$ cat structure36.cif   # mmCIF, C-alpha atoms and all ligand atoms
data_protein
#
loop_
_atom_site.label_atom_id
_atom_site.label_comp_id
_atom_site.auth_asym_id
_atom_site.auth_seq_id
_atom_site.Cartn_x
_atom_site.Cartn_y
_atom_site.Cartn_z
CA MET A 1 -167.85 70.48 136.78
CA ILE A 2 -164.66 71.46 138.50
CA VAL A 3 -162.40 68.76 139.93
CA ALA A 4 -159.30 69.67 141.92
CA THR A 5 -156.59 67.02 141.68
CA VAL A 6 -153.92 67.00 144.39
CA VAL A 7 -150.61 65.33 143.53
CA GLY A 8 -147.07 65.72 144.82
CA ALA A 9 -144.96 62.59 144.49
CA ARG A 10 -143.46 60.71 141.53
CA PRO A 11 -145.96 57.84 141.32
CA GLN A 12 -148.86 60.28 141.50
CA PHE A 13 -147.78 62.12 138.38
CA ILE A 14 -147.76 58.77 136.57
CA LYS A 15 -151.19 57.74 137.90
CA ALA A 16 -152.67 61.15 137.15
CA ALA A 17 -151.58 61.18 133.51
CA PRO A 18 -154.27 58.85 132.07
CA VAL A 19 -157.00 60.00 134.48
CA SER A 20 -156.37 63.65 133.69
CA VAL A 21 -156.90 63.03 129.97
CA ALA A 22 -160.20 61.23 130.64
CA LEU A 23 -161.39 63.81 133.14
CA ARG A 24 -160.61 66.83 130.99
CA ARG A 25 -162.92 65.56 128.25
CA GLN A 26 -165.88 66.44 130.45
CA ALA A 27 -164.74 68.57 133.36
CA ARG A 28 -162.43 71.39 134.27
CA GLU A 29 -159.50 70.00 136.20
CA ILE A 30 -157.47 72.17 138.54
CA LEU A 31 -154.12 70.51 139.09
CA VAL A 32 -152.50 71.17 142.47
CA HIS A 33 -148.85 70.10 142.96
CA THR A 34 -147.95 70.10 146.64
CA GLY A 35 -144.21 70.17 145.92
CA GLN A 36 -143.51 67.03 147.97
CA HIS A 37 -141.17 65.92 145.18
CA TYR A 38 -139.32 68.76 143.51
CA ASP A 39 -136.09 67.58 141.83
CA ASP A 40 -136.36 67.72 138.07
CA MET A 41 -136.00 63.91 137.83
CA MET A 42 -138.59 63.33 140.58
CA SER A 43 -141.18 65.74 139.23
CA ASP A 44 -140.85 67.88 136.08
CA VAL A 45 -139.58 65.04 133.90
CA PHE A 46 -142.94 63.29 134.29
CA PHE A 47 -144.88 66.39 133.28
CA ARG A 48 -142.71 66.66 130.15
CA GLU A 49 -142.77 63.00 129.16
CA MET A 50 -146.43 62.36 129.87
CA ALA A 51 -147.65 65.73 128.58
CA LEU A 52 -149.34 66.39 131.89
CA PRO A 53 -150.77 69.89 132.02
CA ALA A 54 -148.73 72.31 134.09
CA PRO A 55 -150.06 72.60 137.64
CA ASN A 56 -152.49 75.45 138.19
CA TYR A 57 -151.07 75.73 141.70
CA HIS A 58 -147.60 74.75 142.88
CA LEU A 59 -147.58 74.84 146.67
CA GLY A 60 -143.80 74.41 147.01
CA VAL A 61 -144.02 72.59 150.34
CA GLY A 62 -140.90 70.44 149.85
CA SER A 63 -139.31 68.04 152.32
CA ALA A 64 -139.91 68.10 156.09
CA SER A 65 -140.96 65.82 158.94
CA HIS A 66 -144.27 64.04 158.39
CA GLY A 67 -146.29 66.35 160.62
CA ARG A 68 -144.83 69.56 159.28
CA GLN A 69 -144.99 68.48 155.65
CA THR A 70 -148.57 67.20 155.90
CA GLY A 71 -149.65 70.23 157.95
CA GLU A 72 -148.19 72.73 155.51
CA MET A 73 -149.85 70.94 152.62
CA LEU A 74 -153.17 70.84 154.46
CA ALA A 75 -153.17 74.58 155.04
CA ALA A 76 -152.08 75.38 151.50
CA VAL A 77 -154.54 73.00 149.82
CA GLU A 78 -157.36 74.44 151.91
CA GLU A 79 -156.61 77.91 150.56
CA VAL A 80 -156.79 76.62 147.00
CA LEU A 81 -160.07 74.82 147.66
CA LEU A 82 -161.60 77.90 149.22
CA ALA A 83 -160.54 79.99 146.24
CA GLU A 84 -161.61 77.54 143.53
CA ARG A 85 -164.62 75.86 145.18
CA PRO A 86 -164.35 72.59 143.21
CA HIS A 87 -167.19 70.05 143.10
CA ALA A 88 -164.80 67.26 144.05
CA VAL A 89 -161.20 66.60 145.04
CA LEU A 90 -159.25 63.75 143.49
CA VAL A 91 -156.29 62.13 145.24
CA TYR A 92 -154.04 59.18 144.43
CA GLY A 93 -152.31 56.48 146.46
CA ASP A 94 -150.91 56.87 149.93
CA THR A 95 -148.44 59.70 150.31
CA ASN A 96 -148.55 62.68 152.65
CA SER A 97 -149.88 64.68 149.68
CA THR A 98 -152.79 62.21 149.41
CA LEU A 99 -153.75 62.61 153.05
CA ALA A 100 -153.40 66.39 153.01
CA GLY A 101 -155.58 66.71 149.90
CA ALA A 102 -158.24 64.36 151.25
CA LEU A 103 -158.36 65.92 154.69
CA ALA A 104 -158.48 69.50 153.43
CA ALA A 105 -161.43 68.56 151.19
CA ALA A 106 -163.31 66.50 153.77
CA LYS A 107 -163.11 69.31 156.33
CA LEU A 108 -164.71 71.61 153.76
CA HIS A 109 -167.38 68.98 152.98
CA ILE A 110 -166.09 68.60 149.45
CA PRO A 111 -166.43 64.98 148.26
CA VAL A 112 -163.16 63.12 147.87
CA ALA A 113 -162.43 60.56 145.15
CA HIS A 114 -159.54 58.24 146.06
CA VAL A 115 -157.79 56.40 143.24
CA GLU A 116 -156.00 53.29 144.56
CA ALA A 117 -158.36 52.97 147.50
CA GLY A 118 -158.36 49.89 149.71
CA MET A 119 -154.69 48.95 149.57
CA ARG A 120 -153.45 47.60 152.89
CA SER A 121 -150.18 46.24 154.22
CA PHE A 122 -151.68 45.87 157.73
CA ASP A 123 -148.46 47.42 159.03
CA LYS A 124 -149.23 50.65 160.85
CA SER A 125 -145.54 51.45 161.21
CA MET A 126 -145.58 52.39 157.50
CA PRO A 127 -146.44 56.06 157.00
CA GLU A 128 -148.28 55.02 153.85
CA GLU A 129 -150.63 52.71 155.78
CA ILE A 130 -151.75 55.60 158.00
CA ASN A 131 -152.27 57.78 154.94
CA ARG A 132 -154.32 55.14 153.11
CA VAL A 133 -156.58 54.18 155.97
CA LEU A 134 -157.37 57.79 156.87
CA THR A 135 -157.87 58.81 153.25
CA ASP A 136 -160.24 55.92 152.57
CA HIS A 137 -162.31 56.75 155.62
CA VAL A 138 -162.91 60.37 154.53
CA SER A 139 -163.50 59.53 150.85
CA THR A 140 -166.89 59.47 149.14
CA LEU A 141 -165.71 57.58 146.08
CA LEU A 142 -163.30 54.69 146.63
CA LEU A 143 -161.80 53.59 143.34
CA CYS A 144 -160.12 50.22 143.83
CA PRO A 145 -157.49 48.68 141.56
CA THR A 146 -158.13 45.07 142.65
CA GLU A 147 -160.78 42.86 144.25
CA THR A 148 -158.48 42.48 147.26
CA ALA A 149 -158.81 46.22 147.82
CA VAL A 150 -162.62 45.97 147.70
CA ARG A 151 -162.50 43.20 150.32
CA ASN A 152 -160.13 45.20 152.53
CA LEU A 153 -162.57 48.11 152.54
CA ALA A 154 -165.55 45.84 153.27
CA ALA A 155 -163.65 44.45 156.25
CA GLU A 156 -163.47 48.03 157.59
CA GLY A 157 -167.18 48.59 156.97
CA LEU A 158 -166.64 50.65 153.82
CA ARG A 159 -169.07 49.54 151.10
CA ASP A 160 -170.80 52.70 149.84
CA GLY A 161 -169.08 54.40 146.93
CA VAL A 162 -166.65 51.49 146.49
CA HIS A 163 -165.91 50.53 142.87
CA HIS A 164 -163.45 48.09 141.35
CA VAL A 165 -162.18 50.07 138.36
CA GLY A 166 -158.80 48.44 137.64
CA ASP A 167 -155.37 49.96 137.98
CA VAL A 168 -154.64 53.29 136.32
CA MET A 169 -150.92 52.41 136.34
CA TYR A 170 -151.74 49.69 133.82
CA ASP A 171 -153.45 52.29 131.63
CA ALA A 172 -150.34 54.48 131.91
CA LEU A 173 -148.04 51.60 131.03
CA LEU A 174 -150.10 50.63 127.97
CA ARG A 175 -150.07 54.21 126.79
CA PHE A 176 -146.41 55.00 127.40
CA LEU A 177 -144.58 51.73 126.69
CA PRO A 178 -144.87 52.27 122.90
CA LEU A 179 -143.38 55.75 123.39
CA ALA A 180 -140.58 54.24 125.47
CA HIS A 181 -139.81 51.89 122.56
CA VAL A 182 -139.46 54.86 120.24
CA HIS A 183 -137.73 57.37 122.48
CA SER A 184 -135.74 55.59 125.18
CA ARG A 185 -132.02 55.06 124.55
CA VAL A 186 -131.38 53.82 128.07
CA LEU A 187 -130.09 50.36 127.14
CA ASP A 188 -127.54 51.77 124.70
CA ASP A 189 -126.58 54.57 127.05
CA LEU A 190 -125.89 52.10 129.87
CA GLY A 191 -124.42 49.43 127.56
CA LEU A 192 -126.99 46.81 128.61
CA ALA A 193 -128.06 43.71 126.72
CA PRO A 194 -131.75 42.73 126.95
CA GLY A 195 -132.22 40.05 129.62
CA GLY A 196 -128.68 40.47 130.94
CA TYR A 197 -129.17 42.68 133.98
CA VAL A 198 -131.22 43.27 137.11
CA VAL A 199 -133.06 46.52 137.93
CA ALA A 200 -133.25 47.49 141.60
CA THR A 201 -135.05 50.31 143.40
CA VAL A 202 -135.12 50.98 147.15
CA HIS A 203 -136.87 53.87 148.87
CA ARG A 204 -139.19 52.65 151.67
CA ALA A 205 -138.31 54.42 154.90
CA ALA A 206 -138.08 51.03 156.65
CA ASN A 207 -135.25 50.04 154.28
CA ALA A 208 -133.57 53.32 153.38
CA ASP A 209 -133.52 54.77 156.88
CA ASP A 210 -132.27 51.61 158.60
CA PRO A 211 -128.50 51.44 157.96
CA GLN A 212 -128.33 47.68 158.66
CA ARG A 213 -131.19 46.77 156.34
CA LEU A 214 -129.87 49.07 153.62
CA ALA A 215 -126.34 47.65 153.88
CA SER A 216 -127.71 44.12 153.71
CA ILE A 217 -129.79 44.91 150.61
CA ILE A 218 -126.81 46.49 148.84
CA CYS A 219 -124.67 43.49 149.78
CA GLY A 220 -127.38 41.16 148.38
CA LEU A 221 -127.50 43.12 145.12
CA GLY A 222 -123.72 42.73 144.86
CA GLY A 223 -124.12 38.95 145.26
CA LEU A 224 -126.51 38.51 142.32
CA ASP A 225 -125.40 36.58 139.26
CA TRP A 226 -126.05 39.54 136.94
CA PRO A 227 -125.00 43.18 136.95
CA THR A 228 -127.56 45.45 138.61
CA VAL A 229 -128.74 48.88 137.55
CA PHE A 230 -129.87 50.87 140.56
CA PRO A 231 -131.67 54.19 139.93
CA VAL A 232 -131.30 55.72 143.37
CA HIS A 233 -134.18 57.58 145.03
CA PRO A 234 -132.99 60.78 146.79
CA ARG A 235 -133.95 59.41 150.23
CA THR A 236 -131.71 56.41 149.60
CA ALA A 237 -128.93 58.51 148.07
CA ARG A 238 -128.90 60.60 151.23
CA ALA A 239 -128.81 57.48 153.44
CA LEU A 240 -126.00 55.89 151.44
CA ALA A 241 -123.96 59.08 151.59
CA ALA A 242 -124.54 59.46 155.35
CA ALA A 243 -123.36 55.89 155.94
CA GLY A 244 -120.35 56.38 153.66
CA SER A 245 -121.47 53.25 151.77
CA VAL A 246 -119.57 52.02 148.75
CA VAL A 247 -121.74 49.98 146.39
CA PRO A 248 -120.22 46.74 145.02
CA PRO A 249 -118.66 46.98 141.54
CA THR A 250 -121.47 44.99 139.87
CA VAL A 251 -124.08 47.45 141.14
CA ARG A 252 -124.40 50.56 139.02
CA ALA A 253 -125.98 53.36 141.00
CA ILE A 254 -127.50 56.02 138.74
CA GLU A 255 -129.73 59.06 139.11
CA PRO A 256 -133.51 58.48 139.14
CA LEU A 257 -134.83 57.84 135.64
CA GLY A 258 -137.71 59.37 133.73
CA TYR A 259 -140.75 57.15 133.20
CA LEU A 260 -139.95 56.15 129.60
CA ASP A 261 -136.40 55.03 130.42
CA MET A 262 -137.66 53.26 133.53
CA LEU A 263 -140.30 51.32 131.60
CA ARG A 264 -137.77 50.31 128.95
CA LEU A 265 -135.22 49.26 131.59
CA GLU A 266 -137.82 47.23 133.49
CA GLU A 267 -139.20 45.60 130.36
CA GLN A 268 -135.84 44.19 129.27
CA ALA A 269 -134.59 43.20 132.74
CA ARG A 270 -133.97 39.61 133.73
CA LEU A 271 -135.18 40.33 137.25
CA ILE A 272 -136.52 43.28 139.24
CA VAL A 273 -135.65 43.80 142.90
CA THR A 274 -137.65 46.51 144.64
CA ASP A 275 -139.56 47.80 147.62
CA SER A 276 -141.70 50.06 145.44
CA GLY A 277 -145.41 49.39 145.07
CA GLY A 278 -145.55 50.67 141.51
CA VAL A 279 -142.44 48.83 140.38
CA GLN A 280 -143.78 45.51 141.76
CA LYS A 281 -146.89 45.98 139.65
CA GLU A 282 -144.99 47.02 136.54
CA ALA A 283 -142.77 43.93 136.86
CA TYR A 284 -145.90 41.77 136.75
CA MET A 285 -147.47 43.75 133.91
CA LEU A 286 -144.26 43.40 131.87
CA GLY A 287 -143.74 39.71 132.71
CA VAL A 288 -140.49 40.21 134.60
CA PRO A 289 -139.93 38.19 137.81
CA CYS A 290 -139.78 40.33 140.93
CA LEU A 291 -138.23 40.08 144.38
CA THR A 292 -139.78 42.44 146.89
CA LEU A 293 -137.58 43.77 149.69
CA ARG A 294 -140.34 43.64 152.28
CA GLU A 295 -142.14 41.14 154.49
CA GLU A 296 -145.58 42.02 153.12
CA THR A 297 -147.08 43.62 150.05
CA GLU A 298 -150.22 45.51 149.11
CA TRP A 299 -150.21 43.49 145.89
CA PRO A 300 -150.49 39.88 147.19
CA GLU A 301 -151.99 38.71 143.89
CA THR A 302 -148.58 39.04 142.24
CA VAL A 303 -147.09 36.74 144.89
CA ALA A 304 -149.96 34.25 144.62
CA ALA A 305 -149.46 34.19 140.84
CA GLY A 306 -145.83 33.11 141.39
CA TRP A 307 -144.23 36.18 139.79
CA ASN A 308 -143.29 38.08 142.95
CA CYS A 309 -141.49 36.80 146.03
CA LEU A 310 -141.15 38.59 149.38
CA VAL A 311 -137.52 38.42 150.48
CA GLY A 312 -137.18 41.04 153.22
CA ALA A 313 -133.79 42.70 153.48
CA GLU A 314 -131.41 39.79 154.14
CA ALA A 315 -128.64 39.47 151.57
CA GLU A 316 -128.57 35.65 151.59
CA ARG A 317 -132.33 35.38 151.17
CA LEU A 318 -132.24 37.81 148.27
CA VAL A 319 -129.46 35.96 146.46
CA ALA A 320 -131.06 32.54 147.04
CA ALA A 321 -134.47 33.73 145.84
CA ALA A 322 -132.92 35.27 142.71
CA ARG A 323 -131.54 31.84 141.84
CA SER A 324 -134.67 29.86 142.66
CA LEU A 325 -137.57 32.07 141.55
CA ALA A 326 -139.26 30.32 138.61
CA PRO A 327 -142.55 31.99 137.67
CA PRO A 328 -145.14 29.87 135.87
CA SER A 329 -145.98 30.46 132.21
CA GLU A 330 -149.43 31.82 133.12
CA ARG A 331 -149.78 35.45 134.06
CA PRO A 332 -153.49 36.16 134.55
CA PRO A 333 -154.57 39.80 134.16
CA LEU A 334 -154.63 41.30 137.66
CA PHE A 335 -154.75 45.01 136.98
CA GLY A 336 -157.76 45.48 134.76
CA ASP A 337 -158.25 46.05 131.07
CA GLY A 338 -156.44 49.33 130.45
CA VAL A 339 -159.49 51.60 130.80
CA ALA A 340 -159.48 52.12 134.55
CA ALA A 341 -158.89 55.85 134.05
CA GLU A 342 -162.03 56.22 131.90
CA ARG A 343 -164.06 54.38 134.53
CA ALA A 344 -162.64 56.49 137.34
CA ALA A 345 -163.36 59.73 135.46
CA SER A 346 -166.97 58.72 134.71
CA LEU A 347 -167.61 57.80 138.33
CA ILE A 348 -166.14 61.09 139.53
CA LEU A 349 -168.34 63.04 137.14
CA THR A 350 -171.44 61.10 138.19
CA MET A 351 -170.64 61.79 141.83
CA THR A 352 -170.22 65.52 141.24
CA GLN A 353 -173.32 65.99 139.08
CA HIS A 354 -175.58 66.90 141.98
CA GLN A 355 -172.86 68.41 144.11
CA GLU A 356 -173.11 72.09 144.99
CA ARG A 357 -169.95 74.12 145.12
CA LYS A 358 -168.97 74.91 148.70
CA THR A 359 -168.41 78.51 149.56
CA THR A 360 -167.43 78.49 153.19
CA CYS A 361 -165.29 76.47 155.56
CA ASP A 362 -167.78 76.32 158.43
C1 LIG B 401 -142.78 59.41 149.30
C2 LIG B 401 -144.00 58.71 149.90
C3 LIG B 401 -143.99 57.24 149.53
C4 LIG B 401 -143.84 57.04 148.04
C5 LIG B 401 -142.63 57.81 147.52
C6 LIG B 401 -142.57 57.72 146.02
C7 LIG B 401 -144.84 59.64 152.02
C8 LIG B 401 -144.90 59.46 153.48
N1 LIG B 401 -144.00 58.83 151.35
O1 LIG B 401 -141.64 58.84 149.92
O2 LIG B 401 -145.20 56.64 149.95
O3 LIG B 401 -143.68 55.66 147.79
O4 LIG B 401 -142.75 59.19 147.90
O5 LIG B 401 -141.31 57.99 145.53
O6 LIG B 401 -145.51 60.48 151.49
N2 LIG B 401 -135.99 64.31 148.30
C9 LIG B 401 -135.21 65.01 147.44
N3 LIG B 401 -135.77 65.49 146.30
C10 LIG B 401 -137.08 65.33 145.99
C11 LIG B 401 -137.87 64.61 146.89
C12 LIG B 401 -137.32 64.12 148.04
O7 LIG B 401 -134.01 65.20 147.67
O8 LIG B 401 -137.53 65.79 144.92
C13 LIG B 401 -135.37 63.75 149.51
C14 LIG B 401 -135.44 64.64 150.74
O9 LIG B 401 -134.27 64.46 151.46
C15 LIG B 401 -136.61 64.05 151.50
C16 LIG B 401 -136.50 62.57 151.17
O10 LIG B 401 -136.03 62.53 149.82
O11 LIG B 401 -136.53 64.29 152.88
C17 LIG B 401 -137.80 61.82 151.27
O12 LIG B 401 -138.81 62.43 150.48
P1 LIG B 401 -140.35 62.32 150.92
O13 LIG B 401 -141.20 62.91 149.87
O14 LIG B 401 -140.55 62.81 152.31
O15 LIG B 401 -140.59 60.76 151.00
P2 LIG B 401 -140.29 59.65 149.92
O16 LIG B 401 -139.27 58.71 150.50
O17 LIG B 401 -140.00 60.26 148.61
N1 LIG B 402 -139.99 55.24 138.42
C1 LIG B 402 -139.36 56.08 137.51
N2 LIG B 402 -138.02 56.31 137.65
C2 LIG B 402 -137.27 55.75 138.65
C3 LIG B 402 -137.93 54.88 139.57
C4 LIG B 402 -139.28 54.67 139.44
O1 LIG B 402 -140.00 56.59 136.60
O2 LIG B 402 -136.07 55.99 138.71
C5 LIG B 402 -141.43 54.99 138.28
C6 LIG B 402 -141.79 53.53 138.20
O3 LIG B 402 -141.69 53.06 136.87
C7 LIG B 402 -143.22 53.54 138.73
C8 LIG B 402 -143.20 54.66 139.76
O4 LIG B 402 -142.07 55.46 139.45
O5 LIG B 402 -144.12 53.90 137.71
C9 LIG B 402 -143.06 54.10 141.15
O6 LIG B 402 -142.81 55.14 142.03
P1 LIG B 402 -142.02 54.92 143.40
O7 LIG B 402 -141.28 53.67 143.37
O8 LIG B 402 -141.27 56.18 143.65
O9 LIG B 402 -143.21 54.91 144.47
P2 LIG B 402 -144.26 53.82 144.95
O10 LIG B 402 -144.90 53.21 143.76
O11 LIG B 402 -143.54 52.82 145.80
O12 LIG B 402 -145.21 54.60 145.78
#
$ encode --input "structure36.cif" --output "structure tokens"
Amino acid sequence: MIVATVVGARPQFIKAAPVSVALRRQAREILVHTGQHYDDMMSDVFFREMALPAPNYHLGVGSASHGRQTGEMLAAVEEVLLAERPHAVLVYGDTNSTLAGALAAAKLHIPVAHVEAGMRSFDKSMPEEINRVLTDHVSTLLLCPTETAVRNLAAEGLRDGVHHVGDVMYDALLRFLPLAHVHSRVLDDLGLAPGGYVVATVHRAANADDPQRLASIICGLGGLDWPTVFPVHPRTARALAAAGSVVPPTVRAIEPLGYLDMLRLEEQARLIVTDSGGVQKEAYMLGVPCLTLREETEWPETVAAGWNCLVGAEAERLVAAARSLAPPSERPPLFGDGVAAERAASLILTMTQHQERKTTCD
């Protein structure tokens, strides 16, 4: 069996790490890196820390407008698929790399397996929502992290090939948190006391590319009762520089972190403030209260459980919620049992067993 995995952005390297191990026990995996993320601390650091195999193909697409970036990836992934003729293509999440990988495969009649299928914000102005909906509708195997995702797909008429496997990010966290305990020096390096700081991340286009929203978020972070560590995504760094923004003295803006340092920093934080999907989930998994800088979330279970609160981008709302958020003592398991990757790999192999390798693009 040959499975071509298409990744390109930071969270996809993290999701791919546990699945790749499970898959490689029984199949040949061809790893394709689109090059969507390319800075060392947005890409290579994850391959080093998580011992991900080096990509078989690096497409080097880089940053561009949505259409150009997705189009260049589509053409380049198609070439790889025609050369390698895999039995299946595996994609993760909701980035432009996800859509390009799924579309290139579907057009060649190669079955697509989508890990993190069924997530919905119901906000079509998000580029990710377009990517997810389209990817799900061309996928053969829809591997859902939550029951909510299964219901979302059913509401769109997608029932065949839908499986609730759990969340592979939970598998990754269980595997790498012990390594973070051994290797990460981030608290000492930043002079932080456990429980005495906030971690913030901001990168959604709706926040980073809107100067007013971004300024309001930064102002809110400056108004928190604890110092804030802010690993800055390159999109946000660019936006802050363009606006000539000066962050308040209690907000420490730093370069993006590797996964081990990020896990350690999150685990010991008093509070997490984020617009990231993955970071919202990790906050819940680690038992750290979370404020989400959006009006909706793909992970509503974390809000219903009382551990996550949607605060939008208003400074006052953010500061008030930081003071009032009081999660309950219960934290029911929402993201599976830590073997989602094994389940996903088995389902992919079962799907490909009777699949012929495609030779043409007719
Ligand atoms: C992308 C995904 C988003 C995901 C995020 C994870 C899409 C539409 N968006 O958003 O769903 O949550 O990745 O982090 O696919 N840049 C660099 N160096 C890099 C990468 C990016 O400087 O290594 C800068 C460039 O100026 C680029 C900008 O960041 O234009 C945005 O990068 P891009 O990959 O287009 O989108 P993200 O905001 O990273
Ligand atoms: N992450 C990281 N370093 C950082 C910020 C985030 O390793 O400086 C990790 C984080 O722990 C999570 C993943 O990146 O596992 C989330 O990715 P991101 O926020 O970029 O994207 P999203 O999940 O919103 O798609």
$ residues_near_ligand --input "structure36.cif" --ligand "ligand LIG 402 (chain B)" --cutoff "8 Å" --atoms "only C-alpha atoms and all ligand atoms" --output "VMD selection string"
chain A and resid 9 to 12 14 41 to 42 46 93 to 95 169 201 to 204 231 to 233 255 to 263 266 275 to 279 282
$ residues_around --input "structure36.cif" --residues "region 324-336 of chain A" --least-positions-apart "3" --cutoff "7 Å" --atoms "only C-alpha atoms" --output "PDB file with C-alpha atoms, in the frame of the given file"
ATOM      1  CA  PRO A 145    -157.490  48.680 141.560  1.00  0.00           C
ATOM      2  CA  THR A 146    -158.130  45.070 142.650  1.00  0.00           C
ATOM      3  CA  GLY A 166    -158.800  48.440 137.640  1.00  0.00           C
ATOM      4  CA  ASP A 167    -155.370  49.960 137.980  1.00  0.00           C
ATOM      5  CA  TYR A 170    -151.740  49.690 133.820  1.00  0.00           C
ATOM      6  CA  PRO A 289    -139.930  38.190 137.810  1.00  0.00           C
ATOM      7  CA  ALA A 305    -149.460  34.190 140.840  1.00  0.00           C
ATOM      8  CA  GLY A 306    -145.830  33.110 141.390  1.00  0.00           C
ATOM      9  CA  TRP A 307    -144.230  36.180 139.790  1.00  0.00           C
ATOM     10  CA  ALA A 320    -131.060  32.540 147.040  1.00  0.00           C
ATOM     11  CA  ALA A 321    -134.470  33.730 145.840  1.00  0.00           C
ATOM     12  CA  ALA A 340    -159.480  52.120 134.550  1.00  0.00           C
TER      13      ALA A 340
END
$ axis_aligned_box --input "structure36.cif" --around "ligand LIG 401 (chain B)" --padding-each-side "6 Å" --output "lines of an AutoDock Vina configuration file"
center_x = -139.8
center_y = 60.7
center_z = 149.2
size_x = 23.5
size_y = 22.1
size_z = 20.6
$ closest_residue --input "structure36.cif" --among "A:Lys107, A:His137, A:His37, A:Arg68" --to "ligand LIG 401 (chain B)" --atoms "only C-alpha atoms and all ligand atoms"
A:His37
$ closest_residue --input "structure36.cif" --among "A:Leu103, A:Ile272, A:Met119, A:Ala64" --to "ligand LIG 401 (chain B)" --atoms "all atoms listed in the file"
A:Ala64
$ residues_around --input "structure36.cif" --residues "Ser65 (chain A)" --least-positions-apart "4" --cutoff "12 Å" --atoms "only C-alpha atoms" --output "ChimeraX atom specification"
/A:36,61,69-72,96,127
$ closest_residue --input "structure36.cif" --among "A:Ala75, A:Ile30, A:Cys219, A:Ala237" --to "ligand LIG 401 (chain B)" --atoms "all atoms listed in the file"
A:Ala237
$ closest_residue --input "structure36.cif" --among "A:Pro211, A:Pro300, A:Gly118, A:Pro194" --to "Val165 (chain A)" --atoms "all atoms listed in the file"
A:Gly118
$ atom_distance --input "structure36.cif" --atom1 "CA of Arg235 (chain A)" --atom2 "CA of Gly67 (chain A)"
17.6 Å
$ residues_around --input "structure36.cif" --residues "Leu190 (chain A)" --least-positions-apart "2" --cutoff "10 Å" --atoms "all atoms listed in the file" --output "list of chain:residue names"
A:Arg185, A:Val186, A:Leu187, A:Asp188, A:Leu192, A:Ala193, A:Val229, A:Arg252, A:Ile254, A:Leu265
$ residues_around --input "structure36.cif" --residues "Arg343 (chain A)" --least-positions-apart "6" --cutoff "12 Å" --atoms "only C-alpha atoms" --output "list in words"
Pro18, Val19, Ala22, Leu23, Val115, Leu143, Cys144, Pro145, His163, His164, Val165, Gly166, Asp167, Val168, Asp171, Gly336, Asp337, Leu349 and Thr350 of chain A
$ closest_residue --input "structure36.cif" --among "A:Ser20, A:Gln268, A:Gln280, A:Asn131" --to "ligand LIG 401 (chain B)" --atoms "only C-alpha atoms and all ligand atoms"
A:Asn131
$ closest_residue --input "structure36.cif" --among "A:Glu79, A:Asp44, A:Glu314, A:Glu295" --to "Ala104 (chain A)" --atoms "all atoms listed in the file"
A:Glu79
